[in-house]
2 protein chains.
Amino acid sequence: MSSSAQRNPRRSDALSRERIVEATVEVLDTAGEAGLTVRALTAHLSTGRGAIYHHVADKDELLAAAADSIIGRAVAGTEGDEDPKRAIRGLALGIFDVIDAHPWVGGQLSREALQPAVLRIWKGVGLQLQRLGVTGPARSDAGSALVNYVLGAAAQHAAGSRRASNAKDRKSYLESLAAQWVRHDPDPIVQEAASLLNEHDDRQQFLAGVDIFLAGIAAVR
Amino acid sequence: MSSSAQRNPRRSDALSRERIVEATVEVLDTAGEAGLTVRALTAHLSTGRGAIYHHVADKDELLAAAADSIIGRAVAGTEGDEDPKRAIRGLALGIFDVIDAHPWVGGQLSREALQPAVLRIWKGVGLQLQRLGVTGPARSDAGSALVNYVLGAAAQHAAGSRRASNAKDRKSYLESLAAQWVRHDPDPIVQEAASLLNEHDDRQQFLAGVDIFLAGIAAVR
DNA sequence: ACCTGAACACCGTTCAAGT
DNA sequence: ACCTGAACACCGTTCAAGT
């Protein structure tokens, strides 16, 4: 009845899909995407390599389920806001923050269009757009624009943060890259364009993009 | 001087980075991302498995170079348009079409933020935004919004088309999915939101998204 | 029914040996 | 200098054998 430990603490309970997905998240968070191997996972669960295949079909399903468990938490309780615009900002920021904390989710969401985690995001966006009064084909266009923007920004941010855990390194790399552009093409127009790579706060820039989108659907409507 | 064939047609020339990247594109186009193995690639080039490592560091570099060769062609000659808005639409559509034709590029662009192909897109977008008269931090925000939207839409479209090569299957799957949402949650608000998954032309919807962001950039400025 | 772990059919990458 | 292909150190998944 209670969830307390049993006689043998090394193997607390029978395996279950939930326990496997939970362990998958733990391995991904500590070892990254490359560190998620069936061997590492089953070692973490102290079970045999083949055991997980009684509960999930394959590694893809495992990754999709792990991402869904993370996104599920982020999207939950985002409907509360009275103001649909604020709700959209909250939903988007919730996804951004959760991907910042679990970079492997960013890559996973781009891997399969109709996976549960992505459908959750479609659903949340659809609800808020409806509350905003966007209807008909305009809502499909707006929803697709927002979902694709959020997923694209998430993937790029995750890809960047996965590698350059050191922010200083990243900054100096971006600066040298911009300088390289300018050297390669001394056209002042290129020089100005290189400023896109300047230092910025990814999170704030992400939110600015959401606001550009919100202004866009208001203008197009 | 000319590029005509030599005596032995089975091994036309010495290996080179260009020839290897070209072969990589060919393998990816015919066998997909999962089909790109060093064994398949070197067989296609009729050489030994280790040969390519004299010209590229590893498989990641190969994928990045292959994507860059595709994106390079798409972005080239997109600066011609007088009207910067039309140039942005052309740039975005060029990327969409090239990813529609080579779905593996869509996934690759989400894998590494500062890879050459992605930087090319940043550069192209930066140039047009500048011509549009967007300056200062507003240009960074606008550029990031546009680039992330394009990359997100590209990845989702590619992920969708990779699997469901059969459009009929995809359509009926989306329909049953929407029906499932409604069954699961009879709230009419959910039912309406499910309409986001309705049939649509991905390419046209992609362009509608670009226009939303363009309108937003104009409104926010 | 669930679990174990050896076995299978693969990978990417390295490196001694060749030319 | 460039190439070859065997060898190495891994993978994900299956499946007979156990409980």
# chains A, B, ... in the order shown; residues from 1 in each chain; ligands from 1
call {"tool": "interface_residues", "arguments": {"of": "chain A", "to": "chain C", "cutoff": "12 Å", "atoms": "only C-alpha atoms (C1' of nucleotides)", "output": "number ranges by chain"}}
result
A: 14-16, 39, 42, 46-55
call {"tool": "closest_atom_pairs", "arguments": {"of": "chain B", "to": "chain A", "cutoff": "6 Å", "atoms": "only C-alpha atoms", "output": "JSON lines"}}
result
{"residue": "B:Ser110", "atom": "CA", "partner": "A:Ala155", "partner_atom": "CA", "distance": 5.8}
{"residue": "B:Arg111", "atom": "CA", "partner": "A:Ala159", "partner_atom": "CA", "distance": 5.9}
{"residue": "B:Glu112", "atom": "CA", "partner": "A:Ala159", "partner_atom": "CA", "distance": 5.3}
{"residue": "B:Ala113", "atom": "CA", "partner": "A:Gln156", "partner_atom": "CA", "distance": 5.3}
{"residue": "B:Gly126", "atom": "CA", "partner": "A:Ala193", "partner_atom": "CA", "distance": 4.7}
{"residue": "B:Leu127", "atom": "CA", "partner": "A:Ala193", "partner_atom": "CA", "distance": 5.4}
{"residue": "B:Ser140", "atom": "CA", "partner": "A:Leu196", "partner_atom": "CA", "distance": 5.0}
{"residue": "B:Asp141", "atom": "CA", "partner": "A:Gln205", "partner_atom": "CA", "distance": 5.7}
{"residue": "B:Ala145", "atom": "CA", "partner": "A:Gly209", "partner_atom": "CA", "distance": 4.7}
{"residue": "B:Asn148", "atom": "CA", "partner": "A:Gly152", "partner_atom": "CA", "distance": 4.7}
{"residue": "B:Tyr149", "atom": "CA", "partner": "A:Tyr149", "partner_atom": "CA", "distance": 3.9}
{"residue": "B:Leu151", "atom": "CA", "partner": "A:Gly152", "partner_atom": "CA", "distance": 5.5}
{"residue": "B:Gly152", "atom": "CA", "partner": "A:Gly152", "partner_atom": "CA", "distance": 3.4}
{"residue": "B:Ala153", "atom": "CA", "partner": "A:Asn148", "partner_atom": "CA", "distance": 4.9}
{"residue": "B:Ala155", "atom": "CA", "partner": "A:Ser110", "partner_atom": "CA", "distance": 5.8}
{"residue": "B:Gln156", "atom": "CA", "partner": "A:Ala113", "partner_atom": "CA", "distance": 5.3}
{"residue": "B:Ala159", "atom": "CA", "partner": "A:Glu112", "partner_atom": "CA", "distance": 5.3}
{"residue": "B:Gly160", "atom": "CA", "partner": "A:Ala113", "partner_atom": "CA", "distance": 5.4}
{"residue": "B:Ala193", "atom": "CA", "partner": "A:Gly126", "partner_atom": "CA", "distance": 4.7}
{"residue": "B:Leu196", "atom": "CA", "partner": "A:Ser140", "partner_atom": "CA", "distance": 5.0}
{"residue": "B:Gln205", "atom": "CA", "partner": "A:Asp141", "partner_atom": "CA", "distance": 5.6}
{"residue": "B:Gly209", "atom": "CA", "partner": "A:Ala145", "partner_atom": "CA", "distance": 4.7}
{"residue": "B:Ile212", "atom": "CA", "partner": "A:Gly216", "partner_atom": "CA", "distance": 4.6}
{"residue": "B:Phe213", "atom": "CA", "partner": "A:Phe213", "partner_atom": "CA", "distance": 5.6}
{"residue": "B:Ala215", "atom": "CA", "partner": "A:Gly216", "partner_atom": "CA", "distance": 4.7}
{"residue": "B:Gly216", "atom": "CA", "partner": "A:Gly216", "partner_atom": "CA", "distance": 3.5}
{"residue": "B:Ile217", "atom": "CA", "partner": "A:Ile212", "partner_atom": "CA", "distance": 5.9}
call {"tool": "select_by_dssp", "arguments": {"residues": "region 37-154 of chain B", "states": "helix (DSSP H, G or I)", "output": "PyMOL selection string"}}
result
chain B and resi 38-44+51-54+59-75+84-101+103-109+116-131+136-154
